[in-house]
>>> print(open('target-v1.txt').read())   # compact mmCIF, C-alpha atoms and all ligand atoms
# COMPACT_ATOMS: atom_id res chain seq x y z
CA MET I 172 88.16 123.73 109.28
CA GLU I 173 91.45 125.33 110.10
CA ASP I 174 93.66 124.74 113.15
CA ARG I 175 95.81 127.11 115.20
CA TYR I 176 98.76 126.62 112.87
CA GLY I 177 96.95 127.32 109.62
CA HIS I 178 96.48 123.66 108.61
CA ARG I 179 93.33 123.57 106.52
CA ILE I 180 91.59 120.24 106.98
CA SER I 181 90.18 118.87 103.74
CA TYR I 182 91.11 115.19 103.98
CA LEU I 183 89.61 112.55 106.27
CA ARG I 184 91.18 109.10 106.52
CA VAL I 185 88.59 106.63 107.67
CA SER I 186 89.55 103.26 109.09
CA ILE I 187 86.64 100.84 108.81
CA THR I 188 88.22 97.82 110.50
CA ASP I 189 91.14 96.82 112.71
CA ARG I 190 91.20 93.37 111.09
CA CYS I 191 93.60 92.29 108.43
CA ASN I 192 94.44 89.20 106.42
CA GLU I 193 98.16 90.02 106.68
CA ARG I 194 100.54 90.57 109.58
CA CYS I 195 103.10 93.15 108.50
CA THR I 196 105.95 93.28 110.99
CA TYR I 197 105.86 97.08 111.26
CA CYS I 198 102.10 97.35 111.58
CA MET I 199 100.67 94.34 113.35
CA PRO I 200 103.63 92.48 114.70
CA HIS I 201 101.88 89.93 116.84
CA GLU I 202 100.23 86.89 115.41
CA LEU I 203 97.70 86.72 118.22
CA GLN I 204 95.91 89.98 117.75
CA GLU I 205 92.76 90.59 119.73
CA TRP I 206 90.16 92.11 117.45
CA LEU I 207 87.71 94.71 118.55
CA ALA I 208 84.23 93.42 119.35
CA ARG I 209 81.70 94.25 116.65
CA GLU I 210 79.75 96.62 118.89
CA ASP I 211 82.91 98.64 119.51
CA VAL I 212 83.30 99.37 115.80
CA LEU I 213 81.34 102.17 114.17
CA THR I 214 78.53 100.84 111.98
CA TYR I 215 78.57 101.89 108.34
CA GLU I 216 75.56 104.10 109.07
CA GLU I 217 77.45 105.89 111.87
CA THR I 218 80.58 106.23 109.75
CA LEU I 219 78.60 107.73 106.86
CA ARG I 220 76.99 110.24 109.18
CA LEU I 221 80.38 111.37 110.48
CA ILE I 222 81.77 111.65 106.96
CA ARG I 223 78.75 113.74 105.94
CA ILE I 224 79.36 116.08 108.86
CA ALA I 225 83.06 116.35 108.02
CA ALA I 226 82.11 117.15 104.43
CA GLU I 227 79.81 119.92 105.66
CA LEU I 228 82.88 121.36 107.40
CA GLY I 229 85.01 121.37 104.27
CA VAL I 230 86.37 117.84 103.89
CA SER I 231 86.38 117.03 100.18
CA LYS I 232 88.48 113.89 100.18
CA VAL I 233 88.11 110.61 102.09
CA ARG I 234 90.37 107.62 102.00
CA ILE I 235 89.01 104.33 103.30
CA THR I 236 91.59 102.27 105.11
CA GLY I 237 92.05 99.80 107.94
CA GLY I 238 93.33 97.17 108.86
CA GLU I 239 92.51 95.78 105.50
CA PRO I 240 89.32 97.58 104.44
CA LEU I 241 88.42 94.97 101.82
CA THR I 242 88.06 92.30 104.53
CA ARG I 243 85.05 94.02 106.08
CA ARG I 244 81.70 92.58 105.11
CA ASP I 245 79.71 94.57 102.55
CA VAL I 246 82.46 97.10 102.02
CA LEU I 247 81.05 97.68 98.52
CA GLY I 248 77.62 98.57 99.87
CA PHE I 249 79.33 101.13 102.10
CA VAL I 250 81.57 102.61 99.41
CA GLN I 251 78.66 102.91 96.99
CA ARG I 252 77.00 105.38 99.37
CA LEU I 253 79.95 107.76 99.56
CA PRO I 254 79.50 109.65 96.25
CA ALA I 255 76.05 110.82 97.39
CA ILE I 256 77.60 112.82 100.24
CA PRO I 257 77.57 116.48 99.17
CA GLY I 258 81.02 118.07 99.02
CA LEU I 259 83.05 114.87 98.58
CA ASN I 260 84.86 114.89 95.27
CA ASP I 261 87.72 112.49 95.89
CA ILE I 262 87.21 108.96 97.18
CA GLY I 263 90.23 106.77 97.75
CA ILE I 264 91.03 103.44 99.30
CA SER I 265 94.26 102.06 100.78
CA THR I 266 94.66 98.33 100.49
CA ASN I 267 97.26 95.60 100.64
CA GLY I 268 95.92 94.54 97.24
CA THR I 269 95.35 90.90 98.13
CA LEU I 270 91.59 91.02 97.46
CA LEU I 271 91.41 93.47 94.53
CA GLY I 272 91.45 90.71 91.94
CA ARG I 273 88.85 88.57 93.66
CA GLU I 274 85.48 88.13 91.93
CA THR I 275 82.51 89.77 93.60
CA THR I 276 78.93 88.53 93.40
CA THR I 277 78.28 90.75 90.38
CA GLY I 278 80.97 88.87 88.43
CA GLN I 279 83.29 91.87 88.47
CA THR I 280 86.62 91.96 90.25
CA MET I 281 86.67 93.80 93.56
CA ALA I 282 88.72 96.49 91.81
CA GLY I 283 86.12 96.84 89.05
CA ALA I 284 83.31 97.01 91.59
CA LEU I 285 85.11 99.71 93.61
CA ARG I 286 85.68 101.75 90.47
CA ALA I 287 82.02 101.37 89.50
CA ALA I 288 81.07 102.49 93.03
CA GLY I 289 82.89 105.79 92.49
CA VAL I 290 86.36 105.20 93.99
CA ASN I 291 88.86 107.22 91.98
CA SER I 292 92.14 106.53 93.71
CA VAL I 293 93.71 103.32 95.02
CA ASN I 294 96.88 103.02 97.08
CA ILE I 295 98.34 99.52 97.06
CA SER I 296 101.08 98.46 99.47
CA LEU I 297 103.99 96.66 97.86
CA ASP I 298 107.29 96.52 99.73
CA THR I 299 109.05 93.91 97.61
CA LEU I 300 108.73 91.78 94.49
CA ASP I 301 110.58 88.90 96.11
CA ARG I 302 108.06 86.31 97.17
CA GLU I 303 110.01 85.08 100.18
CA THR I 304 110.71 88.57 101.51
CA TYR I 305 107.06 89.45 100.92
CA ALA I 306 105.98 86.48 103.03
CA GLN I 307 108.47 87.35 105.78
CA THR I 308 107.37 90.98 105.88
CA THR I 309 103.63 90.44 105.74
CA GLY I 310 103.43 87.05 107.43
CA ARG I 311 101.53 85.71 104.41
CA ASP I 312 102.54 84.22 101.06
CA PHE I 313 100.17 86.47 99.09
CA LEU I 314 102.47 88.17 96.55
CA PRO I 315 100.83 86.42 93.54
CA GLN I 316 97.38 87.62 94.68
CA VAL I 317 98.70 91.17 95.12
CA LEU I 318 100.18 91.19 91.61
CA ASP I 319 96.80 89.97 90.29
CA GLY I 320 95.14 92.71 92.32
CA ILE I 321 97.39 95.37 90.79
CA ASP I 322 96.47 94.15 87.30
CA ALA I 323 92.78 94.17 88.26
CA ALA I 324 93.14 97.79 89.41
CA ILE I 325 94.80 98.73 86.11
CA THR I 326 92.03 96.98 84.16
CA ALA I 327 89.44 98.85 86.25
CA GLN I 328 90.96 102.15 85.02
CA PHE I 329 91.20 104.08 88.25
CA PRO I 330 92.36 107.61 87.43
CA LEU I 331 95.04 107.31 90.11
CA ILE I 332 96.85 104.17 91.33
CA LYS I 333 99.83 104.44 93.63
CA LEU I 334 102.14 101.73 94.92
CA ASN I 335 103.44 102.34 98.44
CA CYS I 336 106.70 100.83 99.64
CA VAL I 337 107.82 101.10 103.27
CA LEU I 338 111.62 101.34 103.34
CA MET I 339 113.41 98.79 105.52
CA ARG I 340 117.15 98.48 105.41
CA GLY I 341 118.26 94.88 105.21
CA ARG I 342 114.82 93.79 104.07
CA ASN I 343 113.94 95.65 100.89
CA GLY I 344 116.90 98.00 100.36
CA ASP I 345 117.79 95.83 97.34
CA GLN I 346 114.27 96.09 95.92
CA LEU I 347 114.20 99.79 95.02
CA ILE I 348 115.34 99.36 91.42
CA PRO I 349 113.18 96.27 90.72
CA LEU I 350 110.15 98.10 92.17
CA ILE I 351 110.87 101.19 90.05
CA ASP I 352 111.16 99.05 86.91
CA PHE I 353 107.93 97.24 87.82
CA ALA I 354 106.07 100.53 88.38
CA ALA I 355 107.41 101.87 85.05
CA GLU I 356 106.24 98.76 83.21
CA LYS I 357 102.77 99.08 84.76
CA ASN I 358 102.75 102.88 84.38
CA LEU I 359 101.99 103.47 88.08
CA ILE I 360 103.23 106.03 90.60
CA LEU I 361 105.56 104.49 93.19
CA ARG I 362 106.14 106.08 96.59
CA PHE I 363 108.76 105.27 99.18
CA ILE I 364 107.74 105.73 102.81
CA GLU I 365 109.97 105.99 105.86
CA LEU I 366 109.27 103.51 108.59
CA MET I 367 107.47 105.12 111.52
CA PRO I 368 107.37 103.82 115.10
CA VAL I 369 103.57 103.74 115.17
CA SER I 370 102.74 100.34 116.59
CA HIS I 371 105.91 99.76 118.55
CA SER I 372 109.12 101.71 118.83
CA ASP I 373 111.44 98.75 118.31
CA VAL I 374 110.46 98.58 114.61
CA LEU I 375 112.80 101.51 114.29
CA ASP I 376 116.50 101.30 114.92
CA GLU I 377 119.71 102.05 113.10
CA THR I 378 119.77 98.61 111.51
CA ASN I 379 116.41 98.76 109.78
CA PHE I 380 115.64 102.45 109.29
CA LEU I 381 116.38 103.56 105.74
CA PRO I 382 115.99 107.33 105.28
CA ILE I 383 114.50 108.61 102.04
CA ALA I 384 117.67 110.64 101.34
CA GLU I 385 119.71 107.45 101.21
CA ALA I 386 117.10 105.67 99.09
CA ARG I 387 117.19 108.60 96.70
CA ARG I 388 120.98 108.48 96.48
CA ASN I 389 120.84 104.78 95.64
CA ILE I 390 118.19 105.40 93.00
CA GLU I 391 120.17 108.30 91.50
CA ALA I 392 123.28 106.11 91.33
CA ARG I 393 121.33 103.96 88.88
CA PHE I 394 119.10 106.46 87.03
CA GLY I 395 120.98 109.77 87.37
CA PRO I 396 119.59 112.86 89.15
CA LEU I 397 115.85 112.76 89.77
CA ILE I 398 113.98 115.81 88.52
CA PRO I 399 111.93 117.56 91.27
CA GLU I 400 108.29 118.19 90.54
CA PRO I 401 107.34 120.73 93.21
CA THR I 402 103.98 121.47 91.63
CA PHE I 403 102.78 117.86 91.44
CA ARG I 404 100.60 116.99 94.45
CA THR I 405 98.17 114.17 95.16
CA ASN I 406 96.64 115.60 98.32
CA GLY I 407 99.16 113.79 100.52
CA PRO I 408 102.54 114.48 102.13
CA SER I 409 104.71 113.08 99.36
CA THR I 410 107.28 115.03 97.36
CA TYR I 411 107.51 113.92 93.74
CA PHE I 412 110.28 113.50 91.21
CA LYS I 413 110.54 112.34 87.63
CA VAL I 414 113.04 109.75 86.49
CA ALA I 415 115.19 111.33 83.76
CA GLY I 416 114.46 109.94 80.32
CA ARG I 417 111.34 108.13 81.50
CA ASP I 418 107.78 109.24 81.89
CA GLN I 419 107.82 107.93 85.45
CA ARG I 420 106.98 109.61 88.71
CA LEU I 421 108.39 108.63 92.12
CA GLY I 422 107.22 109.93 95.50
CA PHE I 423 109.10 110.15 98.78
CA ILE I 424 107.37 110.35 102.14
CA GLY I 425 109.93 111.40 104.71
CA ALA I 426 107.79 111.32 107.80
CA MET I 427 110.81 110.97 110.07
CA THR I 428 113.56 112.97 108.42
CA ASN I 429 111.74 115.79 106.63
CA LEU I 430 111.44 118.54 109.23
CA HIS I 431 108.85 120.37 107.11
CA PHE I 432 106.72 117.25 106.81
CA CYS I 433 103.83 118.52 108.93
CA GLU I 434 103.58 122.01 107.47
CA SER I 435 101.19 121.09 104.71
CA CYS I 436 99.18 118.56 106.72
CA ASN I 437 95.53 118.65 105.72
CA LYS I 438 94.42 115.45 107.47
CA LEU I 439 92.20 114.20 110.20
CA ARG I 440 91.70 110.51 111.02
CA LEU I 441 88.63 108.60 112.14
CA THR I 442 89.52 105.25 113.69
CA CYS I 443 87.22 102.27 113.33
CA ASP I 444 86.34 102.45 117.01
CA GLY I 445 85.11 105.98 116.64
CA LYS I 446 88.02 108.12 117.76
CA LEU I 447 88.95 111.31 115.94
CA ARG I 448 92.71 111.52 115.75
CA PRO I 449 94.14 114.88 114.70
CA CYS I 450 97.64 113.52 114.05
CA LEU I 451 98.98 110.03 113.31
CA GLY I 452 102.12 110.72 115.31
CA SER I 453 100.54 112.00 118.49
CA TYR I 454 98.70 110.00 121.13
CA LEU I 455 95.85 112.55 121.17
CA GLU I 456 92.46 111.17 120.18
CA PHE I 457 88.88 112.04 120.97
CA ASP I 458 85.94 109.70 121.38
CA ILE I 459 83.28 110.85 118.93
CA MET I 460 81.52 107.46 119.01
CA LYS I 461 80.58 108.06 122.63
CA VAL I 462 78.86 111.38 121.94
CA LEU I 463 77.30 110.08 118.75
CA ARG I 464 75.83 107.05 120.56
CA ALA I 465 74.66 109.29 123.40
CA GLY I 466 72.37 110.97 120.86
CA ALA I 467 74.36 114.03 119.79
CA SER I 468 72.74 116.26 117.18
CA ASP I 469 74.48 117.12 113.90
CA ALA I 470 75.30 120.54 115.32
CA GLU I 471 76.95 118.96 118.37
CA LEU I 472 78.96 116.59 116.20
CA ARG I 473 80.06 119.49 114.00
CA GLN I 474 81.27 121.31 117.11
CA PHE I 475 83.12 118.15 118.21
CA PHE I 476 85.01 118.10 114.91
CA LEU I 477 85.88 121.78 115.27
CA ASP I 478 87.14 121.24 118.84
CA VAL I 479 89.36 118.34 117.72
CA VAL I 480 90.81 120.36 114.86
CA GLU I 481 91.51 123.16 117.33
CA ARG I 482 93.74 120.70 119.22
CA LYS I 483 95.66 119.46 116.19
CA PRO I 484 99.35 119.63 117.10
CA GLU I 485 101.79 121.70 115.09
CA GLN I 486 103.78 118.58 114.21
CA HIS I 487 104.04 114.89 115.06
CA ASP I 488 106.16 113.63 117.99
CA PHE I 489 107.72 110.60 116.34
CA ARG I 490 111.16 112.12 116.73
CA GLU I 491 110.78 112.95 120.42
CA SER I 492 108.34 111.79 122.99
CA TYR I 493 105.97 109.57 121.06
CA GLN I 494 104.71 106.61 123.05
CA PRO I 495 103.21 104.03 120.76
CA GLY I 496 99.93 103.14 122.40
CA ARG I 497 97.94 101.86 119.53
CA MET I 498 98.59 99.48 116.70
CA MET I 499 98.90 101.12 113.29
CA VAL I 500 96.36 98.59 112.16
CA ALA I 501 93.78 100.13 114.48
CA ILE I 502 94.51 103.73 113.45
CA GLY I 503 94.55 103.17 109.75
CA GLY I 504 97.89 104.44 108.52
C1 LIG X 1 97.93 100.56 107.96
S1 LIG X 1 97.88 100.22 106.22
C2 LIG X 1 96.13 100.04 105.98
C3 LIG X 1 95.71 99.75 104.55
C4 LIG X 1 96.12 98.42 103.96
N1 LIG X 1 95.97 97.30 104.83
C5 LIG X 1 97.54 98.49 103.42
O1 LIG X 1 98.39 97.73 103.88
O2 LIG X 1 97.75 99.31 102.54
C6 LIG X 1 98.20 101.78 105.44
C7 LIG X 1 99.63 102.06 105.08
O3 LIG X 1 100.39 102.22 106.26
C8 LIG X 1 101.68 101.70 106.03
N2 LIG X 1 102.31 101.40 107.32
C9 LIG X 1 101.91 100.55 108.28
N3 LIG X 1 102.74 100.57 109.34
C10 LIG X 1 103.71 101.48 109.06
C11 LIG X 1 104.85 101.97 109.75
N4 LIG X 1 105.18 101.52 110.95
N5 LIG X 1 105.62 102.91 109.14
C12 LIG X 1 105.31 103.38 107.91
N6 LIG X 1 104.21 102.97 107.21
C13 LIG X 1 103.43 102.03 107.77
C14 LIG X 1 101.41 100.47 105.20
O4 LIG X 1 102.55 100.04 104.50
C15 LIG X 1 100.34 100.97 104.27
O5 LIG X 1 100.92 101.54 103.12
S1 LIG X 2 100.10 97.36 106.67
FE1 LIG X 2 98.08 96.89 105.92
S2 LIG X 2 98.32 94.77 105.23
FE2 LIG X 2 100.00 95.12 106.60
S3 LIG X 2 99.24 94.39 108.60
FE3 LIG X 2 98.92 96.63 108.43
S4 LIG X 2 96.83 96.78 107.77
FE4 LIG X 2 97.50 94.71 107.29
>>> encode(input="target-v1.txt", output="structure tokens", more="lines below")
Ligand SMILES: C[S@@+](CC[C@H](N)C(=O)[O-])C[C@H]1O[C@@H](n2cnc3c(N)ncnc32)[C@H](O)[C@@H]1O
Ligand code: SF4
Amino acid sequence: MEDRYGHRISYLRVSITDRCNERCTYCMPHELQEWLAREDVLTYEETLRLIRIAAELGVSKVRITGGEPLTRRDVLGFVQRLPAIPGLNDIGISTNGTLLGRETTTGQTMAGALRAAGVNSVNISLDTLDRETYAQTTGRDFLPQVLDGIDAAITAQFPLIKLNCVLMRGRNGDQLIPLIDFAAEKNLILRFIELMPVSHSDVLDETNFLPIAEARRNIEARFGPLIPEPTFRTNGPSTYFKVAGRDQRLGFIGAMTNLHFCESCNKLRLTCDGKLRPCLGSYLEFDIMKVLRAGASDAELRQFFLDVVERKPEQHDFRESYQPGRMMVAIGG
């Protein structure tokens, strides 16, 4: 699948729930969130069918996300069915990490069970190592569980584990060096992500927006110049650097300030309520659940995917006219 601007779509992000056990200020700011009714969420069967069709059209990577994907019932049963889909060769999950260390019914940790099910890459959100700041940012005092979850993921031997930190001036600007040291000690890739006005535009103002260029300057003041690694890619929009004198890789995701950010976009998103969203930073979305539930054939669903890709915008509108209409938690990040 290729759009009008030459973006070749090989990556589908699939949100399987709008629910979450945390309440991050930038994602799900309101305590009283109304969840979607169960019948308005794609069943696993429906989701698997749509992933199979996407794979027939050239998608080779899926990342399961949410909300918090590990809060959905029988998520393991769902994930176990993904490797059988022809064409998929990269299965990832994005999680806040709180449940990775929990024991499953098979006596394994959730991380171990996901690895055994065929997941090869895990992204774990970690904005701070300070317990109080963690609780303020996420609305929950779960840092110890997340640290356990990270260790469980390391024990499970995923080929790729990334820590994701959303940059917020005044909140975690002082955490960059501690997070880098933590990632080095655990031998994990750490990525810094610019705050985006997805759920509501007031998350973003001069006082809390911390651009990646400034974060990089602060990091270089401590570690010396970072060494660019233009050839290292993980299928996402990050640019990577090595820390001099260390075998450590850092990523920077400059969704707001990098004007070339969208050029290499290879993504399409499927929301948990069955909308195909060609771009995170554009209000455009298309209701594939409706046609699927109206009895569409595989050929019709394939055509639906192609029509959506045809409408993928050249770039996101976060910098200009974007009107946040949906919670990040419902889209899936
Ligand atoms: C929506 S979450 C879903 C998966 C999981 N619950 C988690 O927290 O990783 C996916 C990613 O989006 C990031 N995110 C959420 N809201 C954001 C925002 N306004 N700007 C930048 N990143 C955001 C989170 O930090 C997380 O890394
Ligand atoms: S970023 Fe992840 S953990 Fe935080 S509220 Fe959103 S979905 Fe939940």
>>> closest_residue(input="target-v1.txt", among="I:Gly310, I:Pro330, I:Gly289, I:Pro257", to="Glu193 of chain I", atoms="all atoms listed in the file")
I:Gly310
>>> closest_residue(input="target-v1.txt", among="I:Arg342, I:Arg387, I:Lys446, I:Arg220", to="Phe412 of chain I", atoms="all atoms listed in the file")
I:Arg387
>>> residues_near_point(input="target-v1.txt", point="(109.8, 105.9, 95.2)", cutoff="12 Å", atoms="only C-alpha atoms", output="ChimeraX atom specification")
/I:297-298,333-338,344,346-355,359-365,382-391,397,409-414,419-425
>>> atom_distance(input="target-v1.txt", atom1="atom CA of Tyr305 of chain I", atom2="atom CA of Asn343 of chain I")
9.3 Å
>>> residues_near_ligand(input="target-v1.txt", ligand="ligand LIG 2 (chain X)", cutoff="7 Å", atoms="only C-alpha atoms and all ligand atoms", output="number ranges by chain")
I: 191-195, 198-199, 237-239, 266-267, 309, 499-500
>>> closest_residue(input="target-v1.txt", among="I:Gln328, I:Thr442, I:Ser231, I:Ile398", to="ligand LIG 1 (chain X)", atoms="all atoms listed in the file")
I:Thr442
>>> atom_distance(input="target-v1.txt", atom1="atom CA of Val250 of chain I", atom2="atom CA of Thr214 of chain I")
13.1 Å
>>> closest_residue(input="target-v1.txt", among="I:Leu219, I:Ile262, I:Val233, I:Ala287", to="Leu247 of chain I", atoms="all atoms listed in the file")
I:Ala287
>>> atom_distance(input="target-v1.txt", atom1="atom CA of Ala465 of chain I", atom2="atom CA of Phe249 of chain I")
23.3 Å
>>> axis_aligned_box(input="target-v1.txt", around="segment 387-402 of chain I", padding_each_side="4 Å", output="JSON")
{"center_x": 113.6, "center_y": 112.7, "center_z": 91.9, "size_x": 27.3, "size_y": 25.5, "size_z": 17.7}
>>> closest_residue(input="target-v1.txt", among="I:Arg190, I:Lys461, I:Lys483, I:His178", to="ligand LIG 1 (chain X)", atoms="all atoms listed in the file")
I:Arg190
>>> closest_residue(input="target-v1.txt", among="I:Ser296, I:Thr428, I:Gln279, I:Asn379", to="ligand LIG 1 (chain X)", atoms="only C-alpha atoms and all ligand atoms")
I:Ser296
>>> residues_near_point(input="target-v1.txt", point="(81.2, 120.0, 114.6)", cutoff="12 Å", atoms="only C-alpha atoms", output="ChimeraX atom specification")
/I:172,220-229,447,459,462-463,467-481
>>> residues_around(input="target-v1.txt", residues="Ile264 of chain I", least_positions_apart="6", cutoff="6 Å", atoms="only C-alpha atoms", output="PDB file with C-alpha atoms, keeping the file's coordinate frame")
ATOM      1  CA  ARG I 234      90.370 107.620 102.000  1.00  0.00           C
ATOM      2  CA  ILE I 235      89.010 104.330 103.300  1.00  0.00           C
ATOM      3  CA  THR I 236      91.590 102.270 105.110  1.00  0.00           C
ATOM      4  CA  VAL I 293      93.710 103.320  95.020  1.00  0.00           C
TER       5      VAL I 293
END
>>> build_atoms(input="target-v1.txt", residues="segment 408-421 of chain I", atoms="N, CA, C and O atoms", output="PDB file, keeping the file's coordinate frame")
ATOM      1  N   PRO I 408     101.303 113.846 101.667  1.00  0.00           N
ATOM      2  CA  PRO I 408     102.540 114.480 102.130  1.00  0.00           C
ATOM      3  C   PRO I 408     103.768 114.148 101.294  1.00  0.00           C
ATOM      4  O   PRO I 408     104.883 114.432 101.699  1.00  0.00           O
ATOM      5  N   SER I 409     103.577 113.549 100.138  1.00  0.00           N
ATOM      6  CA  SER I 409     104.710 113.080  99.360  1.00  0.00           C
ATOM      7  C   SER I 409     105.332 114.215  98.547  1.00  0.00           C
ATOM      8  O   SER I 409     104.623 115.107  98.083  1.00  0.00           O
ATOM      9  N   THR I 410     106.673 114.150  98.355  1.00  0.00           N
ATOM     10  CA  THR I 410     107.280 115.030  97.360  1.00  0.00           C
ATOM     11  C   THR I 410     107.624 114.158  96.157  1.00  0.00           C
ATOM     12  O   THR I 410     108.062 113.014  96.309  1.00  0.00           O
ATOM     13  N   TYR I 411     107.421 114.735  94.965  1.00  0.00           N
ATOM     14  CA  TYR I 411     107.510 113.920  93.740  1.00  0.00           C
ATOM     15  C   TYR I 411     108.683 114.326  92.859  1.00  0.00           C
ATOM     16  O   TYR I 411     109.095 115.489  92.835  1.00  0.00           O
ATOM     17  N   PHE I 412     109.161 113.323  92.144  1.00  0.00           N
ATOM     18  CA  PHE I 412     110.280 113.500  91.210  1.00  0.00           C
ATOM     19  C   PHE I 412     109.982 112.704  89.953  1.00  0.00           C
ATOM     20  O   PHE I 412     109.269 111.699  90.009  1.00  0.00           O
ATOM     21  N   LYS I 413     110.609 113.146  88.861  1.00  0.00           N
ATOM     22  CA  LYS I 413     110.540 112.340  87.630  1.00  0.00           C
ATOM     23  C   LYS I 413     111.873 111.642  87.428  1.00  0.00           C
ATOM     24  O   LYS I 413     112.927 112.174  87.788  1.00  0.00           O
ATOM     25  N   VAL I 414     111.816 110.464  86.845  1.00  0.00           N
ATOM     26  CA  VAL I 414     113.040 109.750  86.490  1.00  0.00           C
ATOM     27  C   VAL I 414     113.456 110.286  85.120  1.00  0.00           C
ATOM     28  O   VAL I 414     112.655 110.300  84.182  1.00  0.00           O
ATOM     29  N   ALA I 415     114.721 110.737  85.015  1.00  0.00           N
ATOM     30  CA  ALA I 415     115.190 111.330  83.760  1.00  0.00           C
ATOM     31  C   ALA I 415     115.062 110.323  82.623  1.00  0.00           C
ATOM     32  O   ALA I 415     115.352 109.132  82.798  1.00  0.00           O
ATOM     33  N   GLY I 416     114.553 110.795  81.494  1.00  0.00           N
ATOM     34  CA  GLY I 416     114.460 109.940  80.320  1.00  0.00           C
ATOM     35  C   GLY I 416     113.292 108.969  80.345  1.00  0.00           C
ATOM     36  O   GLY I 416     113.115 108.161  79.442  1.00  0.00           O
ATOM     37  N   ARG I 417     112.507 109.015  81.410  1.00  0.00           N
ATOM     38  CA  ARG I 417     111.340 108.130  81.500  1.00  0.00           C
ATOM     39  C   ARG I 417     110.136 108.970  81.867  1.00  0.00           C
ATOM     40  O   ARG I 417     110.276 109.953  82.601  1.00  0.00           O
ATOM     41  N   ASP I 418     108.990 108.542  81.458  1.00  0.00           N
ATOM     42  CA  ASP I 418     107.780 109.240  81.890  1.00  0.00           C
ATOM     43  C   ASP I 418     107.308 108.564  83.182  1.00  0.00           C
ATOM     44  O   ASP I 418     106.247 107.959  83.225  1.00  0.00           O
ATOM     45  N   GLN I 419     108.140 108.644  84.207  1.00  0.00           N
ATOM     46  CA  GLN I 419     107.820 107.930  85.450  1.00  0.00           C
ATOM     47  C   GLN I 419     107.978 108.855  86.643  1.00  0.00           C
ATOM     48  O   GLN I 419     108.943 109.601  86.745  1.00  0.00           O
ATOM     49  N   ARG I 420     107.000 108.745  87.544  1.00  0.00           N
ATOM     50  CA  ARG I 420     106.980 109.610  88.710  1.00  0.00           C
ATOM     51  C   ARG I 420     107.233 108.778  89.974  1.00  0.00           C
ATOM     52  O   ARG I 420     106.608 107.729  90.160  1.00  0.00           O
ATOM     53  N   LEU I 421     108.124 109.279  90.833  1.00  0.00           N
ATOM     54  CA  LEU I 421     108.390 108.630  92.120  1.00  0.00           C
ATOM     55  C   LEU I 421     108.063 109.592  93.242  1.00  0.00           C
ATOM     56  O   LEU I 421     108.335 110.791  93.124  1.00  0.00           O
TER      57      LEU I 421
END
